[in-house]
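Just below is one structure, and these are the notes that go with it.
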Amino acid sequence: MKLHYFYDPLCGWCYGASPLLQAAAALPGVSVEMHAGGMIDEEEGRVITADWRAYVMPHDKRIAQMSGQPFGDAYYDGLLNDIGAPLASNLPIAAVLAADTLGILPLAMLARIQRAHYQEGRRIAEFSVLSELATELGADAASFRTAWQSARDEAETHIDDTRRQMGRLGLRGFPSVVLEQDGKLERLELSGWLGKPAQLAAALAERLPKAESVDDALFCTPDSCR
């Protein structure tokens, strides 16, 4: 079973869904393929403003209530008051792609970026922050810089491909998950599972092929097999 996960690092609902994806990825026989959408491009020059704070805070509080994910004071009272702090998706997306080339699980890198933003109130559109997060997860700082610089161009291609796939699949926003199993694609609606990662994992496990029991296994003797 493969889960195609369509996300953006600055999507609050993706942060709310993070425990769900991590629970699914921990199941034997389940893989997660990540597709980043790039909500805010660096070239737009978007920054935190009072209007941005007023817009996101009601949504963040609802996400916290529905998902149980913590939003820290350093985010509410720090980052959201850090007028002029840069907002860009493609830079942390490049960090996720770079981490993957260095043996760090993309989902783990994304979760660390999300925690830095929503709990620690850090500027995730700045390379110095992204580098610190990657080294926390075991990357060599110099290697990460090289990988991140290479991933900057890759991120643009990746984002374009994600948008094409979303259009083809009829997906309208983030987070979106499409389950692929036995050659079939099926939309997996996450909203009803928010705050219930164990239950989601159990439901997915029920859909995985069951291991053949010893009693049912083919058994052979020198004379015959049954």
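Just remember, in the structure tokens the first chain shown is A, the second B, etc., residues are 1-based per chain, and ligands are 1-based in the order shown.
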Which residues, written as a ChimeraX atom specification, have at least one atom at most 6 Å from Cys14 in chain A, with only C-alpha atoms counted and residues fewer than 3 positions away on the same chain left out? /A:11,17,175
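Residues in contact with Asp160 in chain A at up to 12 Å, not including ones fewer than 3 positions away on its chain and judged by only C-alpha atoms, are His35, Ala36, Gly37, Gly38, Met39, Asp41, Asn90, Asp153, Glu154, Ala155, Glu156, Thr157, Arg163, Arg164, Gln165, Met166 and Gly167 of chain A.
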Emit the selected residues as a PDB file, in the first residue's frame, including N, CA, C and O atoms.
ATOM      1  N   HIS A  35       4.246  14.766  -2.030  1.00  0.00           N
ATOM      2  CA  HIS A  35       4.118  15.666  -3.161  1.00  0.00           C
ATOM      3  C   HIS A  35       3.838  17.067  -2.617  1.00  0.00           C
ATOM      4  O   HIS A  35       2.758  17.325  -2.067  1.00  0.00           O
ATOM      5  N   ALA A  36       4.812  17.956  -2.726  1.00  0.00           N
ATOM      6  CA  ALA A  36       4.688  19.304  -2.170  1.00  0.00           C
ATOM      7  C   ALA A  36       4.076  20.258  -3.182  1.00  0.00           C
ATOM      8  O   ALA A  36       4.443  20.258  -4.357  1.00  0.00           O
ATOM      9  N   GLY A  37       3.147  21.100  -2.708  1.00  0.00           N
ATOM     10  CA  GLY A  37       2.382  21.930  -3.626  1.00  0.00           C
ATOM     11  C   GLY A  37       2.842  23.357  -3.798  1.00  0.00           C
ATOM     12  O   GLY A  37       2.470  24.011  -4.763  1.00  0.00           O
ATOM     13  N   GLY A  38       3.615  23.889  -2.854  1.00  0.00           N
ATOM     14  CA  GLY A  38       4.141  25.239  -3.012  1.00  0.00           C
ATOM     15  C   GLY A  38       3.085  26.319  -2.974  1.00  0.00           C
ATOM     16  O   GLY A  38       2.871  27.028  -3.967  1.00  0.00           O
ATOM     17  N   MET A  39       2.419  26.500  -1.830  1.00  0.00           N
ATOM     18  CA  MET A  39       1.374  27.516  -1.718  1.00  0.00           C
ATOM     19  C   MET A  39       1.911  28.930  -1.906  1.00  0.00           C
ATOM     20  O   MET A  39       1.270  29.775  -2.528  1.00  0.00           O
ATOM     21  N   ASP A  41       5.274  31.125  -3.059  1.00  0.00           N
ATOM     22  CA  ASP A  41       6.597  31.109  -3.678  1.00  0.00           C
ATOM     23  C   ASP A  41       7.450  32.255  -3.136  1.00  0.00           C
ATOM     24  O   ASP A  41       6.948  33.346  -2.855  1.00  0.00           O
ATOM     25  N   ASN A  90       8.663  27.172  -0.975  1.00  0.00           N
ATOM     26  CA  ASN A  90       9.625  26.428  -1.782  1.00  0.00           C
ATOM     27  C   ASN A  90      10.954  26.201  -1.065  1.00  0.00           C
ATOM     28  O   ASN A  90      11.646  25.210  -1.328  1.00  0.00           O
ATOM     29  N   ASP A 153      16.420  24.077  -7.435  1.00  0.00           N
ATOM     30  CA  ASP A 153      15.862  23.922  -8.782  1.00  0.00           C
ATOM     31  C   ASP A 153      14.928  22.723  -8.851  1.00  0.00           C
ATOM     32  O   ASP A 153      13.874  22.775  -9.508  1.00  0.00           O
ATOM     33  N   GLU A 154      15.308  21.645  -8.181  1.00  0.00           N
ATOM     34  CA  GLU A 154      14.472  20.445  -8.174  1.00  0.00           C
ATOM     35  C   GLU A 154      13.100  20.735  -7.579  1.00  0.00           C
ATOM     36  O   GLU A 154      12.088  20.182  -8.015  1.00  0.00           O
ATOM     37  N   ALA A 155      13.064  21.611  -6.581  1.00  0.00           N
ATOM     38  CA  ALA A 155      11.808  21.933  -5.920  1.00  0.00           C
ATOM     39  C   ALA A 155      10.805  22.538  -6.894  1.00  0.00           C
ATOM     40  O   ALA A 155       9.599  22.246  -6.828  1.00  0.00           O
ATOM     41  N   GLU A 156      11.276  23.389  -7.795  1.00  0.00           N
ATOM     42  CA  GLU A 156      10.364  23.999  -8.763  1.00  0.00           C
ATOM     43  C   GLU A 156       9.734  22.945  -9.661  1.00  0.00           C
ATOM     44  O   GLU A 156       8.529  22.967  -9.928  1.00  0.00           O
ATOM     45  N   THR A 157      10.561  22.015 -10.146  1.00  0.00           N
ATOM     46  CA  THR A 157      10.042  20.927 -10.973  1.00  0.00           C
ATOM     47  C   THR A 157       9.093  20.044 -10.175  1.00  0.00           C
ATOM     48  O   THR A 157       8.036  19.625 -10.678  1.00  0.00           O
ATOM     49  N   ARG A 163       1.336  19.851  -8.861  1.00  0.00           N
ATOM     50  CA  ARG A 163       0.135  20.557  -9.296  1.00  0.00           C
ATOM     51  C   ARG A 163      -0.532  19.857 -10.465  1.00  0.00           C
ATOM     52  O   ARG A 163      -1.771  19.803 -10.552  1.00  0.00           O
ATOM     53  N   ARG A 164       0.268  19.303 -11.368  1.00  0.00           N
ATOM     54  CA  ARG A 164      -0.309  18.543 -12.484  1.00  0.00           C
ATOM     55  C   ARG A 164      -1.037  17.308 -11.967  1.00  0.00           C
ATOM     56  O   ARG A 164      -2.138  16.988 -12.434  1.00  0.00           O
ATOM     57  N   GLN A 165      -0.410  16.600 -11.019  1.00  0.00           N
ATOM     58  CA  GLN A 165      -1.046  15.405 -10.469  1.00  0.00           C
ATOM     59  C   GLN A 165      -2.342  15.758  -9.742  1.00  0.00           C
ATOM     60  O   GLN A 165      -3.340  15.035  -9.846  1.00  0.00           O
ATOM     61  N   MET A 166      -2.316  16.853  -8.990  1.00  0.00           N
ATOM     62  CA  MET A 166      -3.530  17.248  -8.266  1.00  0.00           C
ATOM     63  C   MET A 166      -4.651  17.572  -9.245  1.00  0.00           C
ATOM     64  O   MET A 166      -5.816  17.212  -9.008  1.00  0.00           O
ATOM     65  N   GLY A 167      -4.313  18.234 -10.337  1.00  0.00           N
ATOM     66  CA  GLY A 167      -5.322  18.533 -11.343  1.00  0.00           C
ATOM     67  C   GLY A 167      -5.887  17.275 -11.967  1.00  0.00           C
ATOM     68  O   GLY A 167      -7.104  17.157 -12.168  1.00  0.00           O
TER      69      GLY A 167
END
Extract, using only C-alpha atoms, all DNA, RNA and protein residues at most 8 Å from range 93-99 of chain A, discarding same-chain residues fewer than 5 positions from it, and format them as number ranges by chain. A: 8-9, 36, 38, 104-107, 109-110, 130, 134, 139, 144, 147-148, 150-152, 154-155
Near-Trp193 in chain A list (10 Å; only C-alpha atoms; drop same-chain fewer than 5 positions) as a list in words: Ala17, Leu20, Met66, Ser67, Ala198, Gln199, Leu200 and Ala201 of chain A
Give me, as a ChimeraX atom specification, all polymer residues having an atom no more than 12 Å from Tyr75 in chain A, counting only C-alpha atoms and skipping those fewer than 4 positions away in the same chain. /A:48,53,56-57,60-61,70-71,79-82,114-124
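Backbone DSSP over range 3-171 of chain A gives strand (DSSP E) for Leu3, His4, Tyr5, Phe6, Tyr7, Ser31, Val32, Glu33, Met34, His35 and Ala36 of chain A.
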